[in-house]
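Coordinates as given in input_39.cif (mmCIF, C-alpha atoms and all ligand atoms):
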data_my_file
#
loop_
_atom_site.label_atom_id
_atom_site.label_comp_id
_atom_site.auth_asym_id
_atom_site.auth_seq_id
_atom_site.Cartn_x
_atom_site.Cartn_y
_atom_site.Cartn_z
CA MET A 1 0.00 0.00 0.00
CA MET A 2 1.31 3.47 -0.87
CA LYS A 3 2.32 5.48 2.17
CA TRP A 4 1.51 9.16 2.35
CA PRO A 5 4.51 11.48 2.36
CA PRO A 6 5.71 12.19 5.90
CA ILE A 7 4.34 15.15 7.81
CA HIS A 8 6.73 16.40 10.48
CA VAL A 9 5.91 18.48 13.52
CA ALA A 10 7.70 21.48 12.01
CA ARG A 11 8.83 22.56 8.57
CA PRO A 12 11.00 25.64 8.24
CA ASN A 13 9.77 28.62 6.31
CA LEU A 14 12.23 29.72 3.62
CA PRO A 15 11.87 33.04 1.82
CA PRO A 16 11.97 32.93 -2.01
CA LEU A 17 15.59 32.38 -3.03
CA ALA A 18 15.38 35.47 -5.27
CA GLN A 19 14.77 37.53 -2.14
CA VAL A 20 17.93 36.20 -0.45
CA LEU A 21 20.25 36.46 -3.46
CA PRO A 22 20.75 40.24 -3.43
CA PHE A 23 21.91 39.99 0.19
CA LEU A 24 24.26 37.13 -0.70
CA GLU A 25 25.69 39.22 -3.54
CA GLU A 26 26.48 41.92 -1.00
CA ILE A 27 28.37 39.36 1.09
CA TRP A 28 30.29 38.09 -1.94
CA ASP A 29 31.18 41.68 -2.86
CA SER A 30 32.22 42.84 0.59
CA ARG A 31 33.88 39.58 1.73
CA MET A 32 32.59 40.43 5.18
CA LEU A 33 31.38 37.07 6.43
CA SER A 34 31.19 37.62 10.17
CA ASN A 35 32.29 39.82 13.11
CA ASN A 36 29.64 42.52 13.26
CA GLY A 37 29.21 42.84 9.49
CA PRO A 38 27.01 45.30 7.61
CA LEU A 39 24.10 42.90 7.09
CA LEU A 40 24.10 42.01 10.78
CA ASN A 41 23.78 45.69 11.65
CA ARG A 42 20.89 46.16 9.23
CA PHE A 43 19.17 43.00 10.46
CA GLU A 44 19.54 44.13 14.06
CA SER A 45 17.90 47.50 13.38
CA ALA A 46 15.13 46.04 11.22
CA LEU A 47 14.36 43.35 13.76
CA ALA A 48 14.30 45.74 16.72
CA GLU A 49 11.79 47.86 14.84
CA TYR A 50 9.64 44.88 13.83
CA LEU A 51 9.61 43.42 17.34
CA GLY A 52 8.98 46.77 19.03
CA VAL A 53 12.08 46.72 21.23
CA GLU A 54 14.95 49.20 21.45
CA HIS A 55 18.05 47.12 22.19
CA ILE A 56 18.80 43.73 20.71
CA SER A 57 21.94 41.64 20.17
CA MET A 58 22.10 38.93 17.54
CA VAL A 59 23.72 35.66 18.61
CA ALA A 60 24.58 32.28 17.10
CA ASN A 61 21.70 30.44 18.79
CA GLY A 62 19.23 30.72 21.64
CA THR A 63 21.17 28.49 24.03
CA LEU A 64 24.24 30.71 23.92
CA GLY A 65 21.98 33.75 24.17
CA ILE A 66 20.63 32.53 27.53
CA VAL A 67 24.15 31.75 28.79
CA LEU A 68 25.31 35.26 27.85
CA ALA A 69 22.25 36.95 29.36
CA LEU A 70 22.83 35.12 32.66
CA LYS A 71 26.54 35.93 32.60
CA GLN A 72 25.90 39.59 31.85
CA ALA A 73 23.39 39.73 34.72
CA GLY A 74 26.08 38.32 37.03
CA ILE A 75 24.29 34.98 37.53
CA THR A 76 27.37 32.74 37.48
CA SER A 77 26.76 30.99 40.81
CA GLY A 78 23.89 30.29 43.19
CA GLU A 79 20.45 29.06 42.18
CA VAL A 80 18.14 29.93 39.31
CA ILE A 81 14.49 28.89 39.53
CA THR A 82 13.16 27.49 36.27
CA THR A 83 10.58 25.18 34.72
CA PRO A 84 10.99 21.45 34.14
CA PHE A 85 8.51 21.67 31.22
CA SER A 86 10.84 22.99 28.53
CA PHE A 87 13.52 21.98 26.07
CA VAL A 88 16.65 20.82 27.86
CA ALA A 89 18.60 23.87 26.63
CA THR A 90 16.87 25.99 29.28
CA ALA A 91 18.50 24.10 32.16
CA HIS A 92 21.76 23.49 30.30
CA ALA A 93 22.19 27.26 29.86
CA ILE A 94 21.89 27.80 33.62
CA LYS A 95 24.54 25.14 34.27
CA LEU A 96 26.81 26.45 31.52
CA ALA A 97 26.62 29.94 33.06
CA GLY A 98 27.82 28.46 36.38
CA ALA A 99 24.57 28.39 38.41
CA THR A 100 22.33 25.53 39.56
CA PRO A 101 18.80 25.10 38.28
CA VAL A 102 16.02 24.69 40.83
CA PHE A 103 12.80 23.40 39.32
CA ALA A 104 9.35 24.68 40.29
CA ASP A 105 5.96 23.46 39.14
CA ILE A 106 3.91 25.01 36.34
CA ASP A 107 0.48 26.58 36.13
CA PRO A 108 -1.99 24.16 34.51
CA SER A 109 -3.60 26.87 32.37
CA THR A 110 -0.51 28.40 30.73
CA LEU A 111 1.93 25.48 31.31
CA ASN A 112 4.42 28.17 32.40
CA LEU A 113 6.09 28.66 35.80
CA ASP A 114 3.56 29.23 38.57
CA PRO A 115 4.61 32.36 40.56
CA ALA A 116 3.43 30.82 43.86
CA GLN A 117 5.57 27.74 43.25
CA VAL A 118 8.52 29.98 42.36
CA GLU A 119 8.13 31.89 45.60
CA ALA A 120 8.03 28.63 47.59
CA ALA A 121 11.31 27.52 45.96
CA ILE A 122 13.29 30.64 46.94
CA THR A 123 16.28 30.05 49.26
CA PRO A 124 19.11 32.38 50.39
CA GLN A 125 21.07 31.09 47.34
CA THR A 126 18.44 32.11 44.78
CA ARG A 127 19.75 34.71 42.33
CA ALA A 128 17.30 34.72 39.44
CA ILE A 129 14.19 33.29 37.78
CA LEU A 130 14.39 31.85 34.26
CA PRO A 131 10.81 31.37 33.04
CA VAL A 132 9.89 30.12 29.56
CA HIS A 133 6.92 31.43 27.56
CA VAL A 134 6.31 27.87 26.48
CA PHE A 135 4.72 27.34 23.04
CA GLY A 136 4.56 31.15 22.75
CA THR A 137 1.96 31.55 25.53
CA PRO A 138 3.02 34.45 27.76
CA CYS A 139 3.88 33.72 31.39
CA ASP A 140 2.07 35.42 34.24
CA VAL A 141 4.60 38.23 33.89
CA GLU A 142 3.05 40.42 36.60
CA GLY A 143 3.00 37.55 39.11
CA LEU A 144 6.60 36.59 38.37
CA GLU A 145 7.81 40.18 38.44
CA ASP A 146 6.10 40.75 41.77
CA VAL A 147 7.92 37.73 43.25
CA ALA A 148 11.22 38.89 41.73
CA THR A 149 10.89 42.46 42.97
CA ARG A 150 9.95 41.49 46.52
CA ASN A 151 12.88 39.06 46.71
CA GLY A 152 15.55 41.07 44.85
CA LEU A 153 15.84 38.55 41.99
CA LYS A 154 16.60 39.03 38.29
CA ILE A 155 14.30 37.62 35.62
CA ILE A 156 15.71 36.37 32.33
CA TYR A 157 12.96 35.08 30.04
CA ASP A 158 13.62 32.15 27.74
CA ALA A 159 11.56 33.51 24.86
CA ALA A 160 12.75 30.90 22.33
CA HIS A 161 9.12 30.30 21.26
CA SER A 162 7.93 33.91 21.47
CA PHE A 163 8.87 35.63 18.23
CA GLY A 164 6.29 38.35 17.55
CA VAL A 165 4.15 37.59 20.62
CA HIS A 166 2.29 40.55 22.09
CA ARG A 167 0.56 40.92 25.42
CA ASP A 168 -1.60 43.89 26.37
CA GLY A 169 -0.66 45.54 23.08
CA GLN A 170 3.11 45.38 23.46
CA SER A 171 5.88 42.91 22.83
CA VAL A 172 6.16 40.25 25.53
CA LEU A 173 9.93 40.63 25.08
CA ARG A 174 9.84 43.91 26.99
CA HIS A 175 9.30 42.10 30.29
CA GLY A 176 11.98 41.11 32.77
CA ASP A 177 15.65 42.05 32.77
CA MET A 178 16.30 40.34 29.42
CA SER A 179 14.55 38.01 26.97
CA VAL A 180 16.22 35.52 24.65
CA LEU A 181 14.83 34.42 21.27
CA SER A 182 15.77 31.40 19.14
CA PHE A 183 15.84 31.55 15.35
CA HIS A 184 16.42 27.81 14.92
CA ALA A 185 15.04 26.11 11.80
CA THR A 186 12.03 24.81 13.74
CA LYS A 187 10.97 28.23 15.00
CA VAL A 188 8.31 30.63 13.71
CA PHE A 189 11.12 32.85 12.39
CA ASN A 190 14.40 31.20 11.42
CA THR A 191 17.87 32.21 10.28
CA PHE A 192 18.83 28.50 9.93
CA GLU A 193 20.47 28.74 13.38
CA GLY A 194 20.44 31.94 15.37
CA GLY A 195 19.01 33.87 18.26
CA ALA A 196 18.83 37.25 19.93
CA VAL A 197 19.04 38.81 23.36
CA VAL A 198 16.64 41.67 24.05
CA ALA A 199 18.31 44.05 26.48
CA PRO A 200 16.86 46.88 28.60
CA ASP A 201 19.43 49.52 27.59
CA ARG A 202 22.31 50.17 25.21
CA ALA A 203 25.02 49.46 27.78
CA THR A 204 23.62 45.97 28.40
CA LYS A 205 23.32 45.34 24.66
CA LEU A 206 26.96 46.31 24.13
CA ALA A 207 28.03 44.10 27.04
CA ILE A 208 26.22 41.14 25.46
CA ASP A 209 27.88 41.89 22.10
CA GLN A 210 31.25 41.94 23.82
CA LEU A 211 30.66 38.62 25.61
CA ALA A 212 29.55 37.10 22.28
CA ASN A 213 32.87 38.20 20.75
CA PHE A 214 35.32 36.56 23.19
CA GLY A 215 34.99 39.45 25.68
CA ILE A 216 37.06 41.70 23.40
CA ALA A 217 36.64 45.37 24.28
CA ASP A 218 37.40 48.19 21.79
CA GLY A 219 39.24 45.82 19.44
CA LEU A 220 42.23 45.34 21.74
CA GLY A 221 41.65 44.64 25.42
CA VAL A 222 39.75 41.69 26.86
CA ASP A 223 37.59 42.51 29.89
CA ASP A 224 35.86 39.24 30.58
CA ILE A 225 35.79 35.55 29.67
CA GLY A 226 33.60 35.73 26.59
CA ILE A 227 32.76 33.12 24.02
CA ASN A 228 32.21 32.98 20.28
CA ALA A 229 28.44 33.40 19.95
CA LYS A 230 28.44 35.73 16.94
CA MET A 231 25.80 35.55 14.25
CA HIS A 232 27.39 35.45 10.79
CA GLU A 233 26.40 37.40 7.70
CA PHE A 234 24.67 34.48 5.98
CA SER A 235 22.18 34.17 8.85
CA ALA A 236 21.67 37.94 8.81
CA ALA A 237 20.95 37.75 5.05
CA VAL A 238 18.35 35.03 5.58
CA GLY A 239 16.88 37.00 8.49
CA LEU A 240 16.49 40.17 6.41
CA ALA A 241 14.68 38.20 3.71
CA GLN A 242 12.54 36.35 6.28
CA LEU A 243 11.37 39.65 7.75
CA CYS A 244 9.64 40.48 4.44
CA GLU A 245 7.59 37.28 4.82
CA ILE A 246 6.84 37.13 8.50
CA GLU A 247 3.35 38.64 8.50
CA THR A 248 2.20 36.12 5.87
CA VAL A 249 3.70 33.32 7.94
CA LEU A 250 1.99 34.46 11.15
CA ASP A 251 -1.38 34.85 9.39
CA ALA A 252 -1.12 31.36 7.88
CA ARG A 253 -0.28 29.83 11.25
CA ALA A 254 -3.31 31.53 12.83
CA VAL A 255 -5.60 30.01 10.16
CA ILE A 256 -4.16 26.52 10.71
CA ALA A 257 -4.48 26.82 14.51
CA GLN A 258 -8.09 27.99 14.18
CA ARG A 259 -8.87 25.02 11.92
CA TYR A 260 -7.44 22.59 14.50
CA GLN A 261 -9.44 24.38 17.20
CA ASP A 262 -12.66 24.18 15.18
CA HIS A 263 -12.30 20.41 14.70
CA LEU A 264 -10.78 19.39 18.03
CA GLY A 265 -11.94 22.11 20.44
CA ASP A 266 -15.08 20.30 21.67
CA ILE A 267 -13.71 16.80 22.22
CA HIS A 268 -14.38 15.52 25.72
CA GLY A 269 -11.13 15.19 27.69
CA LEU A 270 -8.97 16.86 25.02
CA ARG A 271 -7.64 20.37 25.59
CA CYS A 272 -6.17 22.59 22.87
CA VAL A 273 -3.63 24.55 24.88
CA SER A 274 -2.79 27.62 22.83
CA PRO A 275 -5.39 30.33 22.50
CA THR A 276 -6.80 31.00 19.04
CA GLY A 277 -8.48 34.17 17.86
CA VAL A 278 -6.22 36.15 20.21
CA SER A 279 -4.25 38.89 18.51
CA GLY A 280 -0.55 38.79 19.28
CA HIS A 281 -0.14 34.99 19.53
CA ASN A 282 2.31 33.40 17.09
CA HIS A 283 1.03 29.78 17.08
CA TYR A 284 4.53 28.43 17.48
CA ALA A 285 3.04 24.97 18.05
CA PHE A 286 -0.31 23.25 18.40
CA PRO A 287 -0.08 21.33 21.68
CA ILE A 288 -3.03 19.23 22.83
CA LEU A 289 -3.48 17.57 26.23
CA LEU A 290 -5.14 14.15 26.21
CA GLY A 291 -6.60 13.73 29.68
CA PRO A 292 -7.87 10.54 31.36
CA ASP A 293 -11.43 11.15 30.05
CA CYS A 294 -10.37 11.48 26.42
CA HIS A 295 -11.35 8.72 23.95
CA VAL A 296 -7.66 8.16 23.17
CA ASP A 297 -4.53 8.40 25.32
CA ARG A 298 -1.38 10.21 24.27
CA GLU A 299 0.77 7.14 23.56
CA THR A 300 -1.94 5.48 21.46
CA LEU A 301 -2.48 8.60 19.39
CA PHE A 302 1.26 9.18 19.00
CA ALA A 303 1.69 5.60 17.68
CA ARG A 304 -1.40 5.85 15.48
CA LEU A 305 -0.13 9.04 13.85
CA SER A 306 3.38 7.60 13.38
CA ALA A 307 1.89 4.57 11.60
CA GLU A 308 0.33 7.06 9.16
CA ASN A 309 3.68 8.79 8.60
CA ILE A 310 2.59 11.76 10.73
CA PHE A 311 5.32 12.71 13.19
CA ALA A 312 3.72 14.62 16.03
CA ARG A 313 6.09 15.23 18.96
CA ARG A 314 5.71 14.77 22.71
CA TYR A 315 7.23 18.16 23.58
CA PHE A 316 8.20 18.30 26.49
CA TYR A 317 8.33 14.67 27.53
CA PRO A 318 10.36 13.53 29.38
CA LEU A 319 10.59 16.53 31.69
CA ILE A 320 14.06 18.08 32.03
CA THR A 321 14.03 16.74 35.61
CA ASN A 322 14.08 13.18 34.24
CA PHE A 323 17.41 13.65 32.45
CA ALA A 324 20.62 12.36 34.02
CA PRO A 325 22.30 15.74 34.66
CA TYR A 326 19.29 16.93 36.69
CA ASN A 327 17.39 13.94 38.09
CA THR A 328 19.26 13.80 41.40
CA LEU A 329 18.57 17.43 42.31
CA PRO A 330 16.16 17.71 45.27
CA SER A 331 13.83 19.91 43.18
CA ALA A 332 13.59 17.18 40.50
CA ASP A 333 11.44 15.01 42.78
CA PRO A 334 8.28 14.34 40.70
CA THR A 335 6.05 14.56 43.76
CA LEU A 336 6.98 18.27 43.93
CA LEU A 337 6.03 18.73 40.26
CA PRO A 338 2.55 17.18 39.90
CA VAL A 339 1.27 19.55 37.20
CA ALA A 340 4.40 19.33 35.05
CA SER A 341 4.50 15.53 35.43
CA ARG A 342 0.87 15.14 34.39
CA THR A 343 1.30 17.56 31.49
CA ALA A 344 4.36 15.70 30.19
CA ASP A 345 2.30 12.49 30.11
CA GLU A 346 -0.66 14.07 28.31
CA VAL A 347 0.92 16.47 25.82
CA LEU A 348 1.23 15.99 22.07
CA CYS A 349 2.28 18.71 19.62
CA LEU A 350 0.48 18.27 16.31
CA PRO A 351 2.24 19.30 13.09
CA MET A 352 2.18 23.08 12.76
CA PHE A 353 3.93 25.00 10.01
CA PHE A 354 2.90 27.85 7.79
CA ASP A 355 2.31 25.78 4.62
CA LEU A 356 0.56 22.79 6.18
CA ASP A 357 -2.13 22.24 3.53
CA GLU A 358 -5.77 21.46 4.33
CA ALA A 359 -5.61 17.89 3.00
CA SER A 360 -2.67 17.08 5.27
CA GLN A 361 -4.33 18.75 8.23
CA ASP A 362 -7.49 16.73 7.55
CA ARG A 363 -5.45 13.52 7.70
CA ILE A 364 -4.10 14.53 11.12
CA ILE A 365 -7.52 15.55 12.46
CA GLU A 366 -9.07 12.31 11.19
CA GLN A 367 -6.60 10.26 13.23
CA VAL A 368 -7.35 12.24 16.39
CA LEU A 369 -11.10 11.76 15.92
CA ILE A 370 -11.00 7.94 15.57
CA GLN A 371 -12.87 6.52 18.55
N1 LIG B 401 14.68 27.23 24.95
C1 LIG B 401 13.61 26.58 24.46
C2 LIG B 401 12.32 26.67 25.21
C3 LIG B 401 13.71 25.87 23.25
O1 LIG B 401 12.64 25.20 22.76
C4 LIG B 401 14.95 25.85 22.57
C5 LIG B 401 15.10 25.10 21.35
C6 LIG B 401 16.03 26.57 23.12
C7 LIG B 401 15.86 27.25 24.32
C8 LIG B 401 17.36 26.62 22.46
O2 LIG B 401 17.34 27.38 21.27
P1 LIG B 401 18.46 27.06 20.12
O3 LIG B 401 19.81 27.00 20.82
O4 LIG B 401 18.08 25.78 19.44
O5 LIG B 401 18.39 28.26 19.21
C9 LIG B 401 14.34 21.14 18.28
C10 LIG B 401 15.33 22.25 18.04
O6 LIG B 401 16.61 21.76 17.71
C11 LIG B 401 15.45 23.21 19.18
O7 LIG B 401 15.94 24.41 18.63
C12 LIG B 401 14.08 23.50 19.80
N2 LIG B 401 14.17 24.33 20.97
C13 LIG B 401 13.39 22.21 20.18
C14 LIG B 401 12.03 22.43 20.79
O8 LIG B 401 13.21 21.43 19.01
P2 LIG B 401 14.54 18.55 18.14
O9 LIG B 401 15.72 17.67 18.43
O10 LIG B 401 13.22 18.15 18.66
O11 LIG B 401 14.43 18.89 16.57
P3 LIG B 401 14.38 17.96 15.30
O12 LIG B 401 15.67 18.01 14.60
O13 LIG B 401 13.86 16.62 15.69
O14 LIG B 401 13.30 18.72 14.41
C15 LIG B 401 11.90 18.59 14.58
C16 LIG B 401 11.28 18.38 13.20
O15 LIG B 401 11.42 19.54 12.42
C17 LIG B 401 11.94 17.26 12.42
O16 LIG B 401 11.24 16.08 12.64
C18 LIG B 401 11.83 17.69 10.97
C19 LIG B 401 11.68 19.21 11.06
N3 LIG B 401 12.89 19.91 10.59
C20 LIG B 401 13.91 20.14 11.47
C21 LIG B 401 15.05 20.80 11.05
C22 LIG B 401 16.20 21.05 12.00
C23 LIG B 401 12.96 20.32 9.27
O17 LIG B 401 12.02 20.07 8.50
N4 LIG B 401 14.07 21.01 8.87
C24 LIG B 401 15.13 21.26 9.70
O18 LIG B 401 16.11 21.89 9.27
O19 LIG B 401 14.95 19.96 18.73
#

Is it possible to express this structure as structure tokens?
Ligand code: T4K
Amino acid sequence: MMKWPPIHVARPNLPPLAQVLPFLEEIWDSRMLSNNGPLLNRFESALAEYLGVEHISMVANGTLGIVLALKQAGITSGEVITTPFSFVATAHAIKLAGATPVFADIDPSTLNLDPAQVEAAITPQTRAILPVHVFGTPCDVEGLEDVATRNGLKIIYDAAHSFGVHRDGQSVLRHGDMSVLSFHATKVFNTFEGGAVVAPDRATKLAIDQLANFGIADGLGVDDIGINAKMHEFSAAVGLAQLCEIETVLDARAVIAQRYQDHLGDIHGLRCVSPTGVSGHNHYAFPILLGPDCHVDRETLFARLSAENIFARRYFYPLITNFAPYNTLPSADPTLLPVASRTADEVLCLPMFFDLDEASQDRIIEQVLIQ
């Protein structure tokens, strides 16, 4: 029997090649390939304007962006409270910066860090909070900022999923001390690999740039132990071309999410997590939760879809707290993380990408509906 072509959970958007070529010609002419090149500078300005932020530093990827943000904020020791319901890079970045992650449970409605649980996890060693706007859904930023302010803690947001997300009419990236984006291939906006740190002021932006360039200051001295986290000109070229397309991409994702919602929104025991019809959401993913009352459990549906060549993903299962580098930490005890543990067992991210056609989406929906 003929198998359908595979449908993956994500499929990168690529701008028309003709739109990228003029930028590539500039690179070939200038022979500037990296190290704060002209395209990088243009991309940085264009992106800051698009996102509605003032100060932004381009970096090689989101993971390094979080490490640099923590380092710049002075969080190189002590404890950082974070979520277990995320990609493992979130916790790795804390460790790579020199601090220790402490995991707190999530809020069942947003699947993001619960401010009350964060507050309960604070110790004299706590230095910062590293929340994630998971699947692009904004955290309870007021609740988290209240906890941070009352306890003298920094907040660095892992905003890897939050490109273009708005809350109360402004970019969600404006919250906290810094926010870090990822432009990986699987993201709403990609530069193949890449990322950015949104900073509160120019001095912080320049400090991040310096750390991303080995710590070199004014071309000669070295002030700090930096790293190579520079974005190169090819990524900047792709980013400039992608920016011309982004509104179309976001609109298409909203239509696909609404279509999933219309077909799956009323199924007993199944919850579509991300809001639809809400302006300012980017529909980074389409996560569903298959609860105990649903007609199908997560593992059965995952296997059923795979048999049909449809590769949904169980993001984020296992929890970060199940992985070897973290599972012996006291805060990794699953009895302390009931909401995250339940969510990890129930979650399935259905394929979501800007050019998912209706026929393919119908095939996915059909499999979910089978009793
Ligand atoms: N914080 C959070 C909350 C994150 O989710 C991430 C990354 C980070 C921080 C770190 O940001 P970066 O340092 O990556 O900038 C993927 C991505 O590699 C990772 O970037 C992402 N989160 C994570 C959620 O997903 P995998 O191992 O699940 O990806 P992979 O290779 O299985 O790709 C998923 C599907 O996408 C594939 O089945 C096919 C499709 N695909 C993928 C790639 C790379 C394509 O069609 N083309 C491609 O080029 O980790």

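Restricting the calculation to all atoms listed in the file, the smallest distance between Val132 in chain A and any of A:Ser57, A:Ser86, A:Asn228, A:Ser171 is found for A:Ser86.
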
Every residue with an atom at most 10 Å from (6.0, 31.5, 32.7) (file coordinates; only C-alpha atoms) is what I'm after, so could you write them as a ChimeraX atom specification?
/A:82-83,106-107,110-115,129-134,137-141,143-144,157-159

Export, as a PDB file, keeping the file's coordinate frame, the selected residues with C-alpha atoms.
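And here's out_13.pdb as it stands now:
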ATOM      1  CA  THR A  82      13.160  27.490  36.270  1.00  0.00           C
ATOM      2  CA  THR A  83      10.580  25.180  34.720  1.00  0.00           C
ATOM      3  CA  ILE A 106       3.910  25.010  36.340  1.00  0.00           C
ATOM      4  CA  ASP A 107       0.480  26.580  36.130  1.00  0.00           C
ATOM      5  CA  THR A 110      -0.510  28.400  30.730  1.00  0.00           C
ATOM      6  CA  LEU A 111       1.930  25.480  31.310  1.00  0.00           C
ATOM      7  CA  ASN A 112       4.420  28.170  32.400  1.00  0.00           C
ATOM      8  CA  LEU A 113       6.090  28.660  35.800  1.00  0.00           C
ATOM      9  CA  ASP A 114       3.560  29.230  38.570  1.00  0.00           C
ATOM     10  CA  PRO A 115       4.610  32.360  40.560  1.00  0.00           C
ATOM     11  CA  ILE A 129      14.190  33.290  37.780  1.00  0.00           C
ATOM     12  CA  LEU A 130      14.390  31.850  34.260  1.00  0.00           C
ATOM     13  CA  PRO A 131      10.810  31.370  33.040  1.00  0.00           C
ATOM     14  CA  VAL A 132       9.890  30.120  29.560  1.00  0.00           C
ATOM     15  CA  HIS A 133       6.920  31.430  27.560  1.00  0.00           C
ATOM     16  CA  VAL A 134       6.310  27.870  26.480  1.00  0.00           C
ATOM     17  CA  THR A 137       1.960  31.550  25.530  1.00  0.00           C
ATOM     18  CA  PRO A 138       3.020  34.450  27.760  1.00  0.00           C
ATOM     19  CA  CYS A 139       3.880  33.720  31.390  1.00  0.00           C
ATOM     20  CA  ASP A 140       2.070  35.420  34.240  1.00  0.00           C
ATOM     21  CA  VAL A 141       4.600  38.230  33.890  1.00  0.00           C
ATOM     22  CA  GLY A 143       3.000  37.550  39.110  1.00  0.00           C
ATOM     23  CA  LEU A 144       6.600  36.590  38.370  1.00  0.00           C
ATOM     24  CA  TYR A 157      12.960  35.080  30.040  1.00  0.00           C
ATOM     25  CA  ASP A 158      13.620  32.150  27.740  1.00  0.00           C
ATOM     26  CA  ALA A 159      11.560  33.510  24.860  1.00  0.00           C
TER      27      ALA A 159
END

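We find CA of Ala344 in chain A and CA of Glu299 in chain A to be spaced 11.4 Å apart.
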
Exercise for the section: Throw together the list of residues within 6 Å of ligand LIG 401 (chain B), counting all atoms listed in the file, and drop it here as a list of chain:residue names. Expected result: A:His8, A:Val9, A:Ala10, A:Arg11, A:Pro12, A:Asn61, A:Gly62, A:Thr63, A:Ser86, A:Phe87, A:Ala89, A:Thr90, A:Asp158, A:Ala160, A:Ser182, A:Phe183, A:His184, A:Ala185, A:Thr186, A:Gly194, A:Gly195

- Message: Tell me which residues come within 9 Å of (12.8, 18.9, 39.8), as JSON, numbers by chain, counting all atoms listed in the file in the file's coordinates.
- Response: {"A": [83, 84, 101, 102, 103, 104, 105, 319, 320, 321, 322, 326, 327, 328, 329, 330, 331, 332, 333, 334, 335, 336, 337]}

| message | Counting all atoms listed in the file, which residue out of A:Leu290, A:Val20, A:Val147, A:Ile256 sits closest to Gly269 in chain A? | response |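 So, comparing all the options, the nearest one is A:Leu290.
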
For Leu240 in chain A: contacts at 8 Å, all atoms listed in the file, fewer than 6 positions along chain excluded, given as a PDB file with C-alpha atoms, in the frame of the given file:
ATOM      1  CA  ARG A  42      20.890  46.160   9.230  1.00  0.00           C
ATOM      2  CA  PHE A  43      19.170  43.000  10.460  1.00  0.00           C
ATOM      3  CA  ALA A  46      15.130  46.040  11.220  1.00  0.00           C
TER       4      ALA A  46
END

- Point out the residue among A:Met352, A:Leu301, A:Leu39, A:Val347 with the least atom-to-atom distance to Pro108 in chain A, counting all atoms listed in the file.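 Comparing A:Met352, A:Leu301, A:Leu39, A:Val347 against Pro108 in chain A, the winner is A:Val347.
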
### Message
Taking only C-alpha atoms into account, name the residue in A:Val88, A:Val339, A:Ala128, A:Val296 that is nearest to Ile370 in chain A.
### Response
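So, comparing all the options, the nearest one is A:Val296.
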
Could you name the residues that touch Ser77 in chain A at 8 Å or less, counting all atoms listed in the file, but leaving out those on the same chain fewer than 6 positions away, as a short mmCIF file (atom, residue, chain, number, x, y, z; two decimals) with C-alpha atoms, in the frame of the given file?
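Wrote around-v2.cif, looks like this:
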data_model
loop_
_atom_site.label_atom_id
_atom_site.label_comp_id
_atom_site.auth_asym_id
_atom_site.auth_seq_id
_atom_site.Cartn_x
_atom_site.Cartn_y
_atom_site.Cartn_z
CA ALA A 97 26.62 29.94 33.06
CA GLY A 98 27.82 28.46 36.38
CA ALA A 99 24.57 28.39 38.41
CA THR A 100 22.33 25.53 39.56
#

If you count all atoms listed in the file, the residue of A:Asp297, A:Asp355, A:Glu54, A:Glu145 closest to Ala203 in chain A turns out to be A:Glu54

Your completed range 120-127 of chain A with N, CA, C and O atoms, as an mmCIF file, keeping the file's coordinate frame:
data_model
loop_
_atom_site.group_PDB
_atom_site.id
_atom_site.type_symbol
_atom_site.label_atom_id
_atom_site.label_comp_id
_atom_site.auth_asym_id
_atom_site.auth_seq_id
_atom_site.Cartn_x
_atom_site.Cartn_y
_atom_site.Cartn_z
ATOM 1 N N ALA A 120 7.786 29.692 46.603
ATOM 2 C CA ALA A 120 8.030 28.630 47.590
ATOM 3 C C ALA A 120 9.415 28.002 47.413
ATOM 4 O O ALA A 120 9.935 27.395 48.348
ATOM 5 N N ALA A 121 10.004 28.151 46.230
ATOM 6 C CA ALA A 121 11.310 27.520 45.960
ATOM 7 C C ALA A 121 12.492 28.430 46.282
ATOM 8 O O ALA A 121 13.651 28.028 46.162
ATOM 9 N N ILE A 122 12.204 29.679 46.682
ATOM 10 C CA ILE A 122 13.290 30.640 46.940
ATOM 11 C C ILE A 122 14.076 30.232 48.207
ATOM 12 O O ILE A 122 13.487 29.863 49.219
ATOM 13 N N THR A 123 15.396 30.300 48.096
ATOM 14 C CA THR A 123 16.280 30.050 49.260
ATOM 15 C C THR A 123 17.269 31.236 49.318
ATOM 16 O O THR A 123 17.301 32.067 48.397
ATOM 17 N N PRO A 124 18.111 31.284 50.359
ATOM 18 C CA PRO A 124 19.110 32.380 50.390
ATOM 19 C C PRO A 124 20.061 32.337 49.188
ATOM 20 O O PRO A 124 20.713 33.335 48.877
ATOM 21 N N GLN A 125 20.149 31.197 48.504
ATOM 22 C CA GLN A 125 21.070 31.090 47.340
ATOM 23 C C GLN A 125 20.420 31.539 46.028
ATOM 24 O O GLN A 125 21.097 31.642 45.010
ATOM 25 N N THR A 126 19.120 31.789 46.047
ATOM 26 C CA THR A 126 18.440 32.110 44.780
ATOM 27 C C THR A 126 18.913 33.459 44.239
ATOM 28 O O THR A 126 18.932 34.457 44.973
ATOM 29 N N ARG A 127 19.266 33.465 42.957
ATOM 30 C CA ARG A 127 19.750 34.710 42.330
ATOM 31 C C ARG A 127 18.789 35.221 41.261
ATOM 32 O O ARG A 127 18.733 36.409 40.985
#
